[in-house]
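Visitor: Let me begin by handing over the structure; questions about it come next.
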Amino acid sequence: MSKGRILSVHRVENFSLWQRYLQHRRQMELLQAQGSAKCEDISPLLGTTSPTIKDSAVQLDVTFPLSEAVNEKWLLHGTTWDSAEQIVMHGFDHRVSKSRSMYGLGTYFASEACKSHQYTCPASRHQHSCTCPGERVLLVTRVAL
């Protein structure tokens, strides 16, 4: 991951997915307030190991701050270009995840780029150090835990 470099950054917003996310987050906040749910913290937080990422993460919170009630965080999701396009159009869906994940089918997020990077190579099967040439995709995503 030390040889990785950022080629481009795109801010992508899907209004209908955002509204659905906010509705789900409100439901989580109600459950949390009733004591029906418990949020676990994560470590390290995105941006705590890189000053550049930390500054960028602060900019993401300017418009709509993260909800502490549901332990909302900025996390990374590693994927392929094709999958990224589907996620942008339809959202995350654990039912269409690849079976190559270490912990089974699901949608996974990480606070460290090196972990998310493991899922960006279309040719490898969860290798820790894929050296395939080509561009990769890391989505910076808002996640309510």
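Identifiers in this document derive from the order of the structure tokens: chains are assigned A, B, ..., residues are numbered from 1 separately in each chain, and ligands are numbered from 1 in order of occurrence.
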If you run DSSP over the backbone, which residues in segment 26-91 of chain A end up alpha helix (DSSP H)? Put them as a list of chain:residue names.
Guide: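 Selection result, alpha helix (DSSP H) within segment 26-91 of chain A: A:Arg26, A:Gln27, A:Met28, A:Glu29, A:Leu30, A:Leu31, A:Gln32, A:Ala33, A:Pro51, A:Thr52, A:Ile53, A:Lys54, A:Asp55, A:Ser56, A:Ala57, A:Val58, A:Gln59, A:Leu60, A:Trp81, A:Asp82, A:Ser83, A:Ala84, A:Glu85, A:Gln86, A:Ile87, A:Val88, A:Met89, A:His90.
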Visitor: Grab the atom CA of Phe92 of chain A to atom CA of Thr107 of chain A distance for me, in Å with one decimal place.
Guide: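 Between these atoms lies a distance of 7.1 Å.
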Visitor: Can you list, as a PDB file with N, CA and C atoms, in the first residue's frame, every protein, DNA or RNA residue that comes within 10 Å of Ser83 of chain A when you count only C-alpha atoms, leaving out same-chain residues fewer than 4 positions away?
Guide:
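Saved to result.pdb:
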ATOM      1  N   GLY A  78     -13.449  -1.218   0.016  1.00  0.00           N
ATOM      2  CA  GLY A  78     -12.684  -1.562  -1.173  1.00  0.00           C
ATOM      3  C   GLY A  78     -13.512  -2.403  -2.120  1.00  0.00           C
ATOM      4  N   THR A  79     -13.464  -2.076  -3.411  1.00  0.00           N
ATOM      5  CA  THR A  79     -14.260  -2.800  -4.388  1.00  0.00           C
ATOM      6  C   THR A  79     -13.654  -2.646  -5.776  1.00  0.00           C
ATOM      7  N   ILE A  87     -22.925   0.162  -6.664  1.00  0.00           N
ATOM      8  CA  ILE A  87     -23.146   0.708  -5.319  1.00  0.00           C
ATOM      9  C   ILE A  87     -23.673   2.133  -5.406  1.00  0.00           C
ATOM     10  N   VAL A  88     -23.100   2.932  -6.294  1.00  0.00           N
ATOM     11  CA  VAL A  88     -23.538   4.321  -6.452  1.00  0.00           C
ATOM     12  C   VAL A  88     -24.993   4.377  -6.921  1.00  0.00           C
ATOM     13  N   MET A  89     -25.380   3.471  -7.798  1.00  0.00           N
ATOM     14  CA  MET A  89     -26.753   3.487  -8.335  1.00  0.00           C
ATOM     15  C   MET A  89     -27.766   2.860  -7.391  1.00  0.00           C
ATOM     16  N   PHE A  92     -25.385  -0.260  -1.081  1.00  0.00           N
ATOM     17  CA  PHE A  92     -24.720  -1.493  -0.648  1.00  0.00           C
ATOM     18  C   PHE A  92     -25.761  -2.587  -0.468  1.00  0.00           C
ATOM     19  N   VAL A  96     -25.423  -9.423  -2.765  1.00  0.00           N
ATOM     20  CA  VAL A  96     -24.667  -9.564  -4.012  1.00  0.00           C
ATOM     21  C   VAL A  96     -23.158  -9.528  -3.774  1.00  0.00           C
ATOM     22  N   SER A  97     -22.740  -9.687  -2.539  1.00  0.00           N
ATOM     23  CA  SER A  97     -21.310  -9.662  -2.230  1.00  0.00           C
ATOM     24  C   SER A  97     -20.623 -10.910  -2.773  1.00  0.00           C
ATOM     25  N   THR A 120      -9.912  -4.847  -3.610  1.00  0.00           N
ATOM     26  CA  THR A 120     -10.028  -4.042  -4.822  1.00  0.00           C
ATOM     27  C   THR A 120      -9.534  -4.738  -6.079  1.00  0.00           C
ATOM     28  N   VAL A 137     -10.364   0.960  -6.501  1.00  0.00           N
ATOM     29  CA  VAL A 137     -11.418   1.839  -5.994  1.00  0.00           C
ATOM     30  C   VAL A 137     -11.576   1.646  -4.488  1.00  0.00           C
TER      31      VAL A 137
END
Visitor: Give the strand (DSSP E) residues of segment 9-138 of chain A, as assigned by DSSP on the backbone, as a PyMOL selection string.
Guide: chain A and resi 73-79+137-138
Visitor: Hey, can you spit out that residue selection with C-alpha atoms as a JSON list (two decimals), in the first residue's frame?
Guide:
[["chain", "number", "residue", "atom", "x", "y", "z"],
["A", 73, "LYS", "CA", -18.19, 7.01, 11.21],
["A", 74, "TRP", "CA", -16.43, 7.59, 7.91],
["A", 75, "LEU", "CA", -15.08, 4.23, 6.75],
["A", 76, "LEU", "CA", -13.56, 2.77, 3.61],
["A", 77, "HIS", "CA", -14.99, 0.09, 1.35],
["A", 78, "GLY", "CA", -12.68, -1.56, -1.17],
["A", 79, "THR", "CA", -14.26, -2.80, -4.39],
["A", 137, "VAL", "CA", -11.42, 1.84, -5.99],
["A", 138, "LEU", "CA", -11.84, 2.78, -2.34]]
Visitor: Using only C-alpha atoms, which of A:Leu139, A:Ala123, A:Leu145, A:Val62 sits nearest Arg11 of chain A?
Guide: A:Leu139
Visitor: Can you tell me which residues surround segment 65-72 of chain A at a distance of at most 7 Å, considering only C-alpha atoms, apart from same-chain residues fewer than 4 positions away, and format the answer as a list in words?
Guide: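 Within the cut-off, the hits are Met28, Glu29, Gln32, Cys39, Asp41, Asp61, Arg142, Val143, Ala144 and Leu145 of chain A.
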Visitor: How would the residues just picked look written out with C-alpha atoms as a compact mmCIF listing (two decimals), in the first residue's frame?
Guide:
# COMPACT_ATOMS: atom_id res chain seq x y z
CA MET A 28 -31.28 3.38 14.85
CA GLU A 29 -31.22 6.59 16.91
CA GLN A 32 -30.41 3.61 20.84
CA CYS A 39 -23.01 0.78 19.61
CA ASP A 41 -16.62 1.82 18.93
CA ASP A 61 -18.67 16.58 8.16
CA ARG A 142 -20.72 7.06 5.95
CA VAL A 143 -21.58 4.10 8.21
CA ALA A 144 -23.90 3.97 11.22
CA LEU A 145 -22.66 1.25 13.56
Visitor: If we count only C-alpha atoms and set the cut-off at 9 Å, which residues sit around His94 of chain A, ignoring sequence neighbours fewer than 4 positions away in its own chain? Please answer as a list in words.
Guide: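 The filter keeps Lys98, Leu105, Gly106, Thr107 and Tyr108 of chain A.
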Visitor: Take the selection from the previous step and output its residues with all heavy atoms, as a CSV table (one decimal), in the first residue's frame.
Guide:
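So the final result, stored in part24.csv, reads:
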chain,number,residue,atom,x,y,z
A,98,LYS,N,-19.3,-10.8,-3.0
A,98,LYS,CA,-18.5,-11.9,-3.5
A,98,LYS,C,-18.2,-12.9,-2.3
A,98,LYS,O,-18.1,-12.5,-1.2
A,98,LYS,CB,-17.2,-11.4,-4.0
A,98,LYS,CG,-17.4,-10.3,-5.1
A,98,LYS,CD,-17.8,-11.0,-6.4
A,98,LYS,CE,-17.8,-10.0,-7.6
A,98,LYS,NZ,-19.0,-9.3,-7.8
A,105,LEU,N,-20.3,-14.0,3.4
A,105,LEU,CA,-21.0,-13.0,2.6
A,105,LEU,C,-21.4,-11.8,3.5
A,105,LEU,O,-21.8,-12.0,4.7
A,105,LEU,CB,-22.3,-13.5,2.0
A,105,LEU,CG,-22.1,-14.6,0.9
A,105,LEU,CD1,-23.4,-15.2,0.5
A,105,LEU,CD2,-21.3,-14.1,-0.2
A,106,GLY,N,-21.2,-10.6,3.0
A,106,GLY,CA,-21.6,-9.4,3.8
A,106,GLY,C,-21.0,-8.2,3.1
A,106,GLY,O,-20.3,-8.3,2.1
A,107,THR,N,-21.3,-7.0,3.7
A,107,THR,CA,-20.7,-5.8,3.3
A,107,THR,C,-19.7,-5.3,4.4
A,107,THR,O,-20.2,-5.1,5.5
A,107,THR,CB,-21.8,-4.7,3.1
A,107,THR,OG1,-22.8,-5.3,2.1
A,107,THR,CG2,-21.2,-3.4,2.5
A,108,TYR,N,-18.5,-5.1,4.0
A,108,TYR,CA,-17.4,-4.8,5.0
A,108,TYR,C,-16.9,-3.5,4.8
A,108,TYR,O,-16.7,-3.0,3.7
A,108,TYR,CB,-16.3,-5.9,4.9
A,108,TYR,CG,-16.8,-7.3,5.3
A,108,TYR,CD1,-17.2,-8.2,4.3
A,108,TYR,CD2,-16.9,-7.7,6.6
A,108,TYR,CE1,-17.6,-9.4,4.6
A,108,TYR,CE2,-17.4,-8.9,6.9
A,108,TYR,CZ,-17.7,-9.8,5.9
A,108,TYR,OH,-18.2,-11.0,6.3
Visitor: Would you mind reading off the distance between atom CA of Ser111 of chain A and atom CA of Leu46 of chain A, one decimal, in Å?
Guide: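 So the two atoms, atom CA of Ser111 of chain A and atom CA of Leu46 of chain A, lie 4.7 Å apart.
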Visitor: Give one line per residue of segment 14-118 of chain A that approaches segment 133-136 of chain A to at most 8 Å, naming the two atoms of the closest pair and their distance in Å to one decimal, counting only C-alpha atoms; sort by chain then ascending residue number and deliver it as JSON lines.
Guide:
{"residue": "A:Thr79", "atom": "CA", "partner": "A:Arg136", "partner_atom": "CA", "distance": 7.5}
{"residue": "A:Thr80", "atom": "CA", "partner": "A:Arg136", "partner_atom": "CA", "distance": 6.5}
{"residue": "A:Trp81", "atom": "CA", "partner": "A:Arg136", "partner_atom": "CA", "distance": 7.2}
{"residue": "A:His117", "atom": "CA", "partner": "A:Arg136", "partner_atom": "CA", "distance": 7.8}
Visitor: May I have the residues from that selection written out with all heavy atoms, as an mmCIF file, in the first residue's frame?
Guide:
data_model
loop_
_atom_site.group_PDB
_atom_site.id
_atom_site.type_symbol
_atom_site.label_atom_id
_atom_site.label_comp_id
_atom_site.auth_asym_id
_atom_site.auth_seq_id
_atom_site.Cartn_x
_atom_site.Cartn_y
_atom_site.Cartn_z
ATOM 1 N N THR A 79 -13.464 -2.076 -3.411
ATOM 2 C CA THR A 79 -14.260 -2.800 -4.388
ATOM 3 C C THR A 79 -13.654 -2.646 -5.776
ATOM 4 O O THR A 79 -12.590 -2.056 -5.937
ATOM 5 C CB THR A 79 -15.725 -2.296 -4.347
ATOM 6 O OG1 THR A 79 -16.531 -3.159 -5.130
ATOM 7 C CG2 THR A 79 -15.857 -0.864 -4.823
ATOM 8 N N THR A 80 -14.321 -3.168 -6.770
ATOM 9 C CA THR A 80 -13.885 -3.019 -8.160
ATOM 10 C C THR A 80 -14.665 -1.861 -8.796
ATOM 11 O O THR A 80 -15.664 -1.407 -8.255
ATOM 12 C CB THR A 80 -14.163 -4.305 -8.957
ATOM 13 O OG1 THR A 80 -15.579 -4.526 -8.976
ATOM 14 C CG2 THR A 80 -13.449 -5.500 -8.336
ATOM 15 N N TRP A 81 -14.218 -1.421 -9.977
ATOM 16 C CA TRP A 81 -14.911 -0.335 -10.681
ATOM 17 C C TRP A 81 -16.362 -0.710 -10.961
ATOM 18 O O TRP A 81 -17.277 0.087 -10.751
ATOM 19 C CB TRP A 81 -14.203 0.003 -11.996
ATOM 20 C CG TRP A 81 -13.080 0.964 -11.834
ATOM 21 C CD1 TRP A 81 -11.741 0.689 -11.952
ATOM 22 C CD2 TRP A 81 -13.160 2.357 -11.527
ATOM 23 N NE1 TRP A 81 -11.007 1.826 -11.729
ATOM 24 C CE2 TRP A 81 -11.849 2.861 -11.465
ATOM 25 C CE3 TRP A 81 -14.219 3.229 -11.288
ATOM 26 C CZ2 TRP A 81 -11.572 4.195 -11.189
ATOM 27 C CZ3 TRP A 81 -13.940 4.560 -11.004
ATOM 28 C CH2 TRP A 81 -12.628 5.031 -10.963
ATOM 29 N N HIS A 117 -8.019 -2.158 0.697
ATOM 30 C CA HIS A 117 -7.305 -2.395 -0.568
ATOM 31 C C HIS A 117 -7.298 -3.880 -0.949
ATOM 32 O O HIS A 117 -7.291 -4.228 -2.122
ATOM 33 C CB HIS A 117 -5.871 -1.873 -0.453
ATOM 34 C CG HIS A 117 -5.056 -2.090 -1.680
ATOM 35 N ND1 HIS A 117 -4.194 -3.151 -1.808
ATOM 36 C CD2 HIS A 117 -5.002 -1.399 -2.838
ATOM 37 C CE1 HIS A 117 -3.622 -3.095 -2.993
ATOM 38 N NE2 HIS A 117 -4.099 -2.047 -3.632
#
